[in-house]
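Notes to accompany the following structure.
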Amino acid sequence: MMIDCEKAAKIIDQKDAAEKVGWWSRRKLRFHLVLCKMCKNYKKDSAVLSKIIRMMGKHSNHCLTEQEKAEMKNNLLQK
Amino acid sequence: MPNLPKTIDTSAWVDEYSDMLYNYAFTRVSDHEMAKDLVQDTFVSALKALDNFQGKSTIKTWLFSILKRKIIDHWRKQDVRKTKPMSASATENESGEERILQRQNAPSISEIEVDYENKELGEVIMTCIRDLPEKWRGIVIDKLVDHKESEEVCKEHDITPSNLWVIIHRAKIQLRECLTAKWVNS
């Protein structure tokens, strides 16, 4: 029933990455978190980090300049 | 039934798709010139392969699939240049116990209030992701931002499933440290 911190961290990471985690693994994690403050803190941080990472896609908006697009068009015409 | 004319207006392609392709590439390679070259190469490859395009997907999907292959090739070339592959460095240099110790000593970010309209926080996390080793960055984006299947990520980046989770974990530790330095402490 008892898992070590490495295994617990892996389950936390998998859950936060929307990975399917089996009922038994979730139960083992819950049991581990009752006893391990360090992993409990990691779980909190991991949840916050996952939310922040999801923001990244939203704020990622890099564009080419009009000049760069014009150069690209010219290069493609020569191909 | 093919839906793509065999004579195409490349200028229209650039106008319509270059920004989204560039944004996708830049997020993954974090190098303006490299991202620009990858987009250009994508268009060139698409032009060459035009006869093979069967119209089963949209042009946008097709161009993105070409770009994704080019980014993977780019990462693989980067890997070859390194003396030690990233996949090995994620497991061999550090034992599980050391990783746990690293986690224990890391400062907490649980007090950060995540507001999706907070552009500054979004920019900080982008900077932190850009600071990750290149191969980790691609894996983190594919798995945690794009939510790709683990099997697909492992195949694309040529890593084992256990290595995937070691890399994800180590990347998250590094991101937490970066966020603490650039957001919590500033």
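Each chain in the structure tokens gets a letter, A, B and so on, in the order shown; residues start at 1 in every chain, and ligands are counted from 1 in the order they appear.
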Find the residues of chain A in contact range of chain B, meaning any atom within 7 Å when counting only C-alpha atoms, and list them as a PyMOL selection string. chain A and resi 6+10+13+17+38+44-45+48+51-57+59+61-64+69+72-73+76
Residue selection dump (C-alpha atoms) as a tab-separated table (two decimals), in the first residue's frame:
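Result written to again-v8.tsv:
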```tsv
chain	number	residue	atom	x	y	z
A	6	GLU	CA	9.36	9.11	-6.30
A	10	LYS	CA	5.07	10.44	-10.75
A	13	ASP	CA	2.66	14.58	-12.43
A	17	ALA	CA	-0.99	16.14	-17.12
A	38	MET	CA	6.77	17.22	1.29
A	44	LYS	CA	-0.12	21.97	-4.36
A	45	ASP	CA	2.75	23.48	-6.34
A	48	VAL	CA	-0.55	25.80	-9.55
A	51	LYS	CA	-2.64	26.15	-14.33
A	52	ILE	CA	0.15	28.60	-15.16
A	53	ILE	CA	1.46	26.42	-18.00
A	54	ARG	CA	-2.03	26.34	-19.50
A	55	MET	CA	-1.86	30.15	-19.59
A	56	MET	CA	1.16	29.93	-21.84
A	57	GLY	CA	-0.81	28.91	-24.92
A	59	HIS	CA	-0.49	34.43	-24.19
A	61	ASN	CA	1.19	35.26	-29.90
A	62	HIS	CA	4.41	35.75	-31.83
A	63	CYS	CA	4.20	37.10	-35.37
A	64	LEU	CA	6.45	37.78	-38.34
A	69	LYS	CA	6.55	37.98	-44.84
A	72	MET	CA	9.27	34.84	-47.52
A	73	LYS	CA	6.89	35.41	-50.42
A	76	LEU	CA	8.82	31.04	-52.35
```
Members of chain A assigned helix (DSSP H, G or I) by DSSP, as number ranges by chain: A: 5-16, 23-35, 37-59, 66-78
Using only C-alpha atoms, which residues sit within 8 Å of Thr42 (chain B) once same-chain residues fewer than 2 positions away are excluded, as a ChimeraX atom specification? /B:38-40,44-46,63,66-67,70
Please save C-alpha atoms of the selected residues as a PDB file, in the first residue's frame.
```
ATOM      1  CA  LEU B  38      11.343  26.315 -40.215  1.00  0.00           C
ATOM      2  CA  VAL B  39       8.235  28.087 -41.504  1.00  0.00           C
ATOM      3  CA  GLN B  40       9.921  28.853 -44.809  1.00  0.00           C
ATOM      4  CA  VAL B  44       8.909  24.844 -49.564  1.00  0.00           C
ATOM      5  CA  SER B  45       8.290  21.209 -48.574  1.00  0.00           C
ATOM      6  CA  ALA B  46       4.563  21.691 -49.036  1.00  0.00           C
ATOM      7  CA  LEU B  63       1.173  22.501 -43.116  1.00  0.00           C
ATOM      8  CA  ILE B  66       5.005  19.233 -42.036  1.00  0.00           C
ATOM      9  CA  LEU B  67       6.182  21.862 -39.539  1.00  0.00           C
ATOM     10  CA  LYS B  70      10.674  19.701 -39.179  1.00  0.00           C
TER      11      LYS B  70
END
```
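You can rank B:Trp183, B:Ser65, B:Lys60, B:Asp31 by their closest distance to Glu16 (chain B) using only C-alpha atoms, and at the top of that list sits B:Lys60.
With CA of Trp136 (chain B) on one side and CA of Ala9 (chain A) on the other, the separation reads 17.8 Å.
Nearest to Ile12 (chain A) of all the residues A:Ser46, A:Gln67, A:Ser60, A:Gln78 is A:Ser46, counting only C-alpha atoms.
Taking CA of Arg26 (chain A) and CA of Gln14 (chain A) as the two end points, the separation is 10.7 Å.
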Nearest to Glu177 (chain B) by atom-to-atom distance, counting only C-alpha atoms, from B:Cys128, B:Phe64, B:Lys77, B:Ile71: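 Among B:Cys128, B:Phe64, B:Lys77, B:Ile71, it is B:Cys128 that comes nearest to Glu177 (chain B).
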I need the residue nearest Cys178 (chain B) from this list: A:Asn75, A:Cys36, A:Leu49, A:Arg30. Use only C-alpha atoms for the distance.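 Going through A:Asn75, A:Cys36, A:Leu49, A:Arg30 one by one, the smallest distance to Cys178 (chain B) is for A:Leu49.
Separating CA of Asn52 (chain B) from CA of Glu156 (chain B) is a distance of 22.9 Å.
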